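Undergrad: Below is the file entry.cif, with mmCIF, C-alpha atoms and all ligand atoms.
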data_protein
#
loop_
_atom_site.group_PDB
_atom_site.id
_atom_site.type_symbol
_atom_site.label_atom_id
_atom_site.label_comp_id
_atom_site.auth_asym_id
_atom_site.auth_seq_id
_atom_site.Cartn_x
_atom_site.Cartn_y
_atom_site.Cartn_z
ATOM 1 C CA MET A 1 -165.441 137.051 25.364
ATOM 2 C CA ASN A 2 -163.139 139.057 27.540
ATOM 3 C CA ASN A 3 -165.271 141.490 29.481
ATOM 4 C CA SER A 4 -162.410 143.164 31.238
ATOM 5 C CA PHE A 5 -161.242 146.602 30.249
ATOM 6 C CA PRO A 6 -157.770 146.949 31.686
ATOM 7 C CA ILE A 7 -156.966 150.573 32.243
ATOM 8 C CA GLU A 8 -153.603 151.493 30.836
ATOM 9 C CA ASN A 9 -153.873 155.082 31.858
ATOM 10 C CA PRO A 10 -152.915 155.554 35.497
ATOM 11 C CA SER A 11 -153.984 159.167 35.449
ATOM 12 C CA LEU A 12 -157.552 158.488 34.441
ATOM 13 C CA SER A 13 -159.486 160.499 36.948
ATOM 14 C CA ARG A 14 -161.337 158.607 39.630
ATOM 15 C CA ARG A 15 -164.508 160.498 38.832
ATOM 16 C CA GLN A 16 -164.275 159.578 35.178
ATOM 17 C CA LEU A 17 -163.789 155.947 36.076
ATOM 18 C CA LEU A 18 -166.627 155.828 38.565
ATOM 19 C CA ASN A 19 -168.976 157.562 36.220
ATOM 20 C CA PHE A 20 -168.009 155.276 33.409
ATOM 21 C CA LEU A 21 -168.660 152.284 35.613
ATOM 22 C CA THR A 22 -172.207 153.504 36.038
ATOM 23 C CA GLY A 23 -172.524 154.485 32.425
ATOM 24 C CA ALA A 24 -173.122 158.116 33.131
ATOM 25 C CA THR A 25 -170.141 160.343 32.801
ATOM 26 C CA VAL A 26 -170.626 163.950 33.596
ATOM 27 C CA ALA A 27 -167.352 165.483 32.672
ATOM 28 C CA ALA A 28 -168.059 168.640 34.600
ATOM 29 C CA THR A 29 -164.943 168.545 36.697
ATOM 30 C CA ALA A 30 -162.647 166.655 34.417
ATOM 31 C CA GLY A 31 -161.061 169.732 32.905
ATOM 32 C CA SER A 32 -157.886 169.375 34.901
ATOM 33 C CA ALA A 33 -157.608 165.629 34.526
ATOM 34 C CA LEU A 34 -154.738 164.276 32.513
ATOM 35 C CA TYR A 35 -155.473 161.939 29.683
ATOM 36 C CA THR A 36 -152.536 160.220 28.067
ATOM 37 C CA VAL A 37 -152.116 158.967 24.559
ATOM 38 C CA GLY A 38 -153.742 155.778 23.587
ATOM 39 C CA LYS A 39 -156.759 153.680 24.143
ATOM 40 C CA PHE A 40 -157.785 152.779 27.619
ATOM 41 C CA PHE A 41 -160.011 149.956 26.596
ATOM 42 C CA ILE A 42 -159.130 146.603 25.209
ATOM 43 C CA PRO A 43 -161.551 146.147 22.340
ATOM 44 C CA PRO A 44 -163.941 143.373 23.285
ATOM 45 C CA ALA A 45 -164.374 140.566 20.820
ATOM 46 C CA GLU A 46 -167.961 141.140 19.935
ATOM 47 C CA SER A 47 -170.288 140.133 17.182
ATOM 48 C CA THR A 48 -172.168 142.876 15.404
ATOM 49 C CA SER A 49 -175.455 143.037 13.599
ATOM 50 C CA ALA A 50 -175.703 143.205 9.835
ATOM 51 C CA GLY A 51 -175.370 146.991 10.008
ATOM 52 C CA GLY A 52 -172.384 146.721 12.311
ATOM 53 C CA ALA A 53 -174.366 147.836 15.363
ATOM 54 C CA ILE A 54 -173.311 146.903 18.864
ATOM 55 C CA ILE A 55 -174.913 147.534 22.251
ATOM 56 C CA ALA A 56 -173.277 150.276 24.312
ATOM 57 C CA LYS A 57 -171.529 148.885 27.364
ATOM 58 C CA ASP A 58 -169.815 150.007 30.508
ATOM 59 C CA ILE A 59 -166.194 149.422 31.394
ATOM 60 C CA LEU A 60 -166.994 145.951 32.689
ATOM 61 C CA GLY A 61 -168.651 144.972 29.459
ATOM 62 C CA ASN A 62 -172.188 145.152 30.798
ATOM 63 C CA PRO A 63 -174.877 146.699 28.584
ATOM 64 C CA ILE A 64 -175.910 150.175 29.702
ATOM 65 C CA PRO A 65 -179.671 150.764 29.577
ATOM 66 C CA ALA A 66 -180.679 154.088 28.049
ATOM 67 C CA SER A 67 -182.739 154.895 31.130
ATOM 68 C CA GLN A 68 -179.568 154.944 33.213
ATOM 69 C CA ILE A 69 -178.201 157.826 31.171
ATOM 70 C CA LEU A 70 -181.483 159.619 30.570
ATOM 71 C CA VAL A 71 -181.926 160.380 34.263
ATOM 72 C CA GLU A 72 -179.029 162.800 33.847
ATOM 73 C CA PRO A 73 -179.656 166.476 32.983
ATOM 74 C CA GLN A 74 -179.989 167.723 29.431
ATOM 75 C CA GLY A 75 -176.555 168.339 27.946
ATOM 76 C CA THR A 76 -174.888 165.507 29.852
ATOM 77 C CA ARG A 77 -172.144 163.693 27.984
ATOM 78 C CA ALA A 78 -172.093 160.033 28.975
ATOM 79 C CA LEU A 79 -169.042 157.974 28.171
ATOM 80 C CA VAL A 80 -169.684 154.406 27.040
ATOM 81 C CA ALA A 81 -167.752 151.653 25.286
ATOM 82 C CA GLY A 82 -168.795 151.790 21.651
ATOM 83 C CA LEU A 83 -167.580 150.162 18.458
ATOM 84 C CA ARG A 84 -164.448 148.058 18.993
ATOM 85 C CA GLY A 85 -164.510 149.232 22.595
ATOM 86 C CA GLU A 86 -163.834 152.838 21.623
ATOM 87 C CA PRO A 87 -164.859 155.255 24.363
ATOM 88 C CA THR A 88 -167.759 157.198 22.925
ATOM 89 C CA TYR A 89 -169.644 160.231 24.185
ATOM 90 C CA LEU A 90 -173.429 160.154 24.085
ATOM 91 C CA THR A 91 -175.406 163.355 24.599
ATOM 92 C CA VAL A 92 -178.673 163.815 26.497
ATOM 93 C CA THR A 93 -180.809 166.112 24.338
ATOM 94 C CA GLN A 94 -183.188 168.865 25.404
ATOM 95 C CA ASP A 95 -186.183 166.574 24.940
ATOM 96 C CA HIS A 96 -184.442 163.974 27.075
ATOM 97 C CA ASN A 97 -183.479 161.470 24.471
ATOM 98 C CA LEU A 98 -180.051 160.425 23.313
ATOM 99 C CA ASP A 99 -178.689 162.391 20.400
ATOM 100 C CA ALA A 100 -178.508 160.315 17.225
ATOM 101 C CA ILE A 101 -174.842 161.215 16.835
ATOM 102 C CA GLY A 102 -172.182 159.910 19.187
ATOM 103 C CA ILE A 103 -168.684 161.398 19.391
ATOM 104 C CA VAL A 104 -165.702 159.055 19.563
ATOM 105 C CA ASP A 105 -163.307 160.021 22.347
ATOM 106 C CA ASN A 106 -160.125 159.819 20.286
ATOM 107 C CA CYS A 107 -158.313 163.027 19.360
ATOM 108 C CA THR A 108 -157.537 163.214 15.636
ATOM 109 C CA HIS A 109 -154.091 164.611 16.378
ATOM 110 C CA LEU A 110 -152.322 161.751 18.153
ATOM 111 C CA GLY A 111 -155.156 159.787 19.666
ATOM 112 C CA CYS A 112 -155.483 161.099 23.203
ATOM 113 C CA THR A 113 -158.734 160.763 25.038
ATOM 114 C CA PHE A 114 -160.193 163.986 26.328
ATOM 115 C CA PRO A 115 -162.847 165.356 28.665
ATOM 116 C CA TRP A 116 -165.936 167.402 27.915
ATOM 117 C CA ASN A 117 -165.814 170.860 29.442
ATOM 118 C CA PRO A 118 -169.452 171.861 30.102
ATOM 119 C CA VAL A 119 -168.546 175.445 30.974
ATOM 120 C CA GLU A 120 -166.690 176.089 27.744
ATOM 121 C CA GLN A 121 -168.996 173.704 25.846
ATOM 122 C CA GLN A 122 -165.983 172.079 24.239
ATOM 123 C CA PHE A 123 -164.100 168.839 24.127
ATOM 124 C CA GLN A 124 -160.614 169.836 25.251
ATOM 125 C CA CYS A 125 -157.653 167.620 24.535
ATOM 126 C CA PRO A 126 -155.046 168.028 27.264
ATOM 127 C CA CYS A 127 -152.182 166.534 25.263
ATOM 128 C CA HIS A 128 -151.502 169.366 22.828
ATOM 129 C CA GLY A 129 -154.419 171.701 23.337
ATOM 130 C CA SER A 130 -156.816 170.845 20.547
ATOM 131 C CA LEU A 131 -160.341 172.112 21.083
ATOM 132 C CA TYR A 132 -163.492 170.733 19.540
ATOM 133 C CA ALA A 133 -167.028 172.102 19.331
ATOM 134 C CA PRO A 134 -169.904 170.015 20.732
ATOM 135 C CA ASP A 135 -170.384 168.401 17.310
ATOM 136 C CA GLY A 136 -166.707 167.413 17.131
ATOM 137 C CA THR A 137 -165.645 170.127 14.714
ATOM 138 C CA VAL A 138 -162.123 171.425 15.286
ATOM 139 C CA VAL A 139 -162.115 174.819 17.011
ATOM 140 C CA ARG A 140 -158.353 174.895 17.496
ATOM 141 C CA GLY A 141 -155.590 172.582 16.328
ATOM 142 C CA PRO A 142 -153.236 170.902 16.052
ATOM 143 C CA ALA A 143 -156.025 168.372 15.484
ATOM 144 C CA PRO A 144 -156.336 168.151 11.689
ATOM 145 C CA LEU A 145 -159.776 166.586 11.395
ATOM 146 C CA PRO A 146 -163.161 166.607 13.110
ATOM 147 C CA LEU A 147 -163.825 163.883 15.624
ATOM 148 C CA LYS A 148 -165.160 160.625 14.328
ATOM 149 C CA ILE A 149 -168.897 160.189 14.809
ATOM 150 C CA VAL A 150 -171.137 157.146 15.115
ATOM 151 C CA GLN A 151 -174.852 156.534 14.864
ATOM 152 C CA VAL A 152 -176.815 156.121 18.078
ATOM 153 C CA ALA A 153 -180.277 154.613 18.430
ATOM 154 C CA VAL A 154 -182.366 153.494 21.383
ATOM 155 C CA ILE A 155 -184.472 150.391 20.974
ATOM 156 C CA GLU A 156 -186.378 149.023 23.949
ATOM 157 C CA ASN A 157 -184.008 150.708 26.390
ATOM 158 C CA SER A 158 -180.915 149.313 24.678
ATOM 159 C CA ILE A 159 -178.430 151.758 23.176
ATOM 160 C CA LEU A 160 -177.270 150.682 19.731
ATOM 161 C CA ILE A 161 -174.128 152.170 18.245
ATOM 162 C CA SER A 162 -173.292 151.640 14.601
ATOM 163 C CA PRO A 163 -170.729 153.008 12.151
ATOM 164 C CA TRP A 164 -171.410 156.364 10.509
ATOM 165 C CA THR A 165 -171.150 155.673 6.801
ATOM 166 C CA GLU A 166 -173.220 158.517 5.372
ATOM 167 C CA THR A 167 -172.096 162.008 4.463
ATOM 168 C CA ASP A 168 -170.503 163.747 7.422
ATOM 169 C CA PRO A 169 -173.133 166.389 8.344
ATOM 170 C CA ARG A 170 -170.409 168.754 9.542
ATOM 171 C CA THR A 171 -168.450 168.821 6.313
ATOM 172 C CA GLY A 172 -170.986 167.728 3.714
ATOM 173 C CA GLU A 173 -168.384 165.278 2.493
ATOM 174 C CA LYS A 174 -167.606 161.604 2.720
ATOM 175 C CA PRO A 175 -166.380 160.794 6.258
ATOM 176 C CA TRP A 176 -162.602 160.817 6.550
ATOM 177 C CA TRP A 177 -162.622 157.488 8.450
ATOM 178 C CA LEU A 178 -164.092 155.515 5.536
HETATM 179 S S1 LIG B 201 -153.468 164.298 20.823
HETATM 180 FE FE1 LIG B 201 -155.012 165.785 21.127
HETATM 181 S S2 LIG B 201 -154.011 167.634 20.659
HETATM 182 FE FE2 LIG B 201 -152.469 166.155 20.347
#
Render the structure in this file as structure tokens.
TA:
Amino acid sequence: MNNSFPIENPSLSRRQLLNFLTGATVAATAGSALYTVGKFFIPPAESTSAGGAIIAKDILGNPIPASQILVEPQGTRALVAGLRGEPTYLTVTQDHNLDAIGIVDNCTHLGCTFPWNPVEQQFQCPCHGSLYAPDGTVVRGPAPLPLKIVQVAVIENSILISPWTETDPRTGEKPWWL
């Protein structure tokens, strides 16, 4: 298995990278960072469970224990490598667990990655200005669709991420990615 995650994006902010390395991204100051089109992870070849679940990892391919993220304040968005290596935001809830829904960091317009703006409480895509609510719903286009979501579960301090195959709770419809 190739555990390396070559970074194709030279403008990835240093803070974002360092936080991702530790598995705890607080995107508080990332609002001015530039995020270019495309993936910045090489999808790791990884086996999945029967339900398609994988263990959340850091940029080096090391599993991230839930406790490492849960020391962060409520409302923190932590960026981890999820399904197929997709960067995925996990949210620390008010009761200090991980939210059961993860948000895939891949703009539905042209695929840019984007930071979380904790002041505006939005995901803000710097490429063409799309804005998303905390649940990934489009606030302003040109993004045509809500952000893809995944299921998140914590079992014995491991973070499991699996495909979201049920009704999209935001639209009440079948997910657009199925
Ligand atoms: S890629 Fe995000 S707005 Fe265009």
Undergrad: Once the PyMOL selection byres (((not hetatm)) within 8 of (chain B and resi 201)) has been applied to the shown file, what residues remain in the selection, as a list in words?
TA: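 The output of the PyMOL selection byres (((not hetatm)) within 8 of (chain B and resi 201)) on this file is Val37, Asn106, Cys107, Thr108, His109, Leu110, Gly111, Cys112, Thr113, Phe114, Cys125, Pro126, Cys127, His128, Gly129, Ser130, Leu131, Gly141, Pro142 and Ala143 of chain A.
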Undergrad: Taking only C-alpha atoms into account, name the residue in A:Leu83, A:Tyr132, A:Asp95, A:Ile69 that is nearest to A:Pro115.
TA: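 Using only C-alpha atoms, the shortest distance to A:Pro115 belongs to A:Tyr132.
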Undergrad: Determine the nearest neighbour of A:Ala56 from the options A:Asn117, A:Gln122, A:Gln68, A:Thr76, counting all atoms listed in the file.
TA: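 Comparing A:Asn117, A:Gln122, A:Gln68, A:Thr76 against A:Ala56, the winner is A:Gln68.
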Undergrad: Looking at only C-alpha atoms, which of A:Leu147, A:Ala81, A:Ala66, A:Leu60 is the one that sits closest to A:Leu98?
TA: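 Ranked by minimum distance to A:Leu98, first place goes to A:Ala66.
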Undergrad: For each of A:Val139, A:Ala53, A:Ile159, A:Val104, take the minimum atom-to-atom distance to A:Gln121, counting only C-alpha atoms, then give the residue where this is smallest.
TA: A:Val139
Undergrad: Mind telling me what the PyMOL selection byres (((chain A and resi 100) around 9) and not hetatm) catches here, as a list in words?
TA: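 Those residues are Leu90, Thr91, Asn97, Leu98, Asp99, Ile101, Gly102, Val150, Gln151, Val152, Ala153 and Val154 of chain A.
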